[in-house]
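Undergrad: Sharing a structure here in structure tokens format.
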Amino acid sequence: MYQEKIYGNDVLNKMGHVFERFRFLMRTKSFKKEQMEIIDYHLSEIMKVLNESS
């Protein structure tokens, strides 16, 4: 599933894509409460990892 080496720039590009996709979808459809909770949970997990690296 994952390539052998992960490059920071690749992760940054994925994060940018996720942001743009989420922003687009927020304008064109509404998410269910459960979907928003899942998105929020995963973003919180990402923030935990980033904060540990500081």
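Convention: chains lettered A, B, ... in structure tokens order; per-chain residue numbering from 1; ligands numbered from 1 as shown.
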Among chain A, which residues does DSSP mark as helix (DSSP H, G or I) when it is run on the backbone? Keep the chain and numbering as in the structure and answer as a count of residues only.
TA: 41
Undergrad: Excluding region 17-19 of chain A and residues on its chain fewer than 5 positions from it, collect all residues at most 12 Å away from it, counting only C-alpha atoms, and give them as a list in words.
TA: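 Skipping anything fewer than 5 positions along the chain leaves Asp10, Val11, Leu12, Phe24, Leu25, Met26, Ile39, His42 and Leu43 of chain A.
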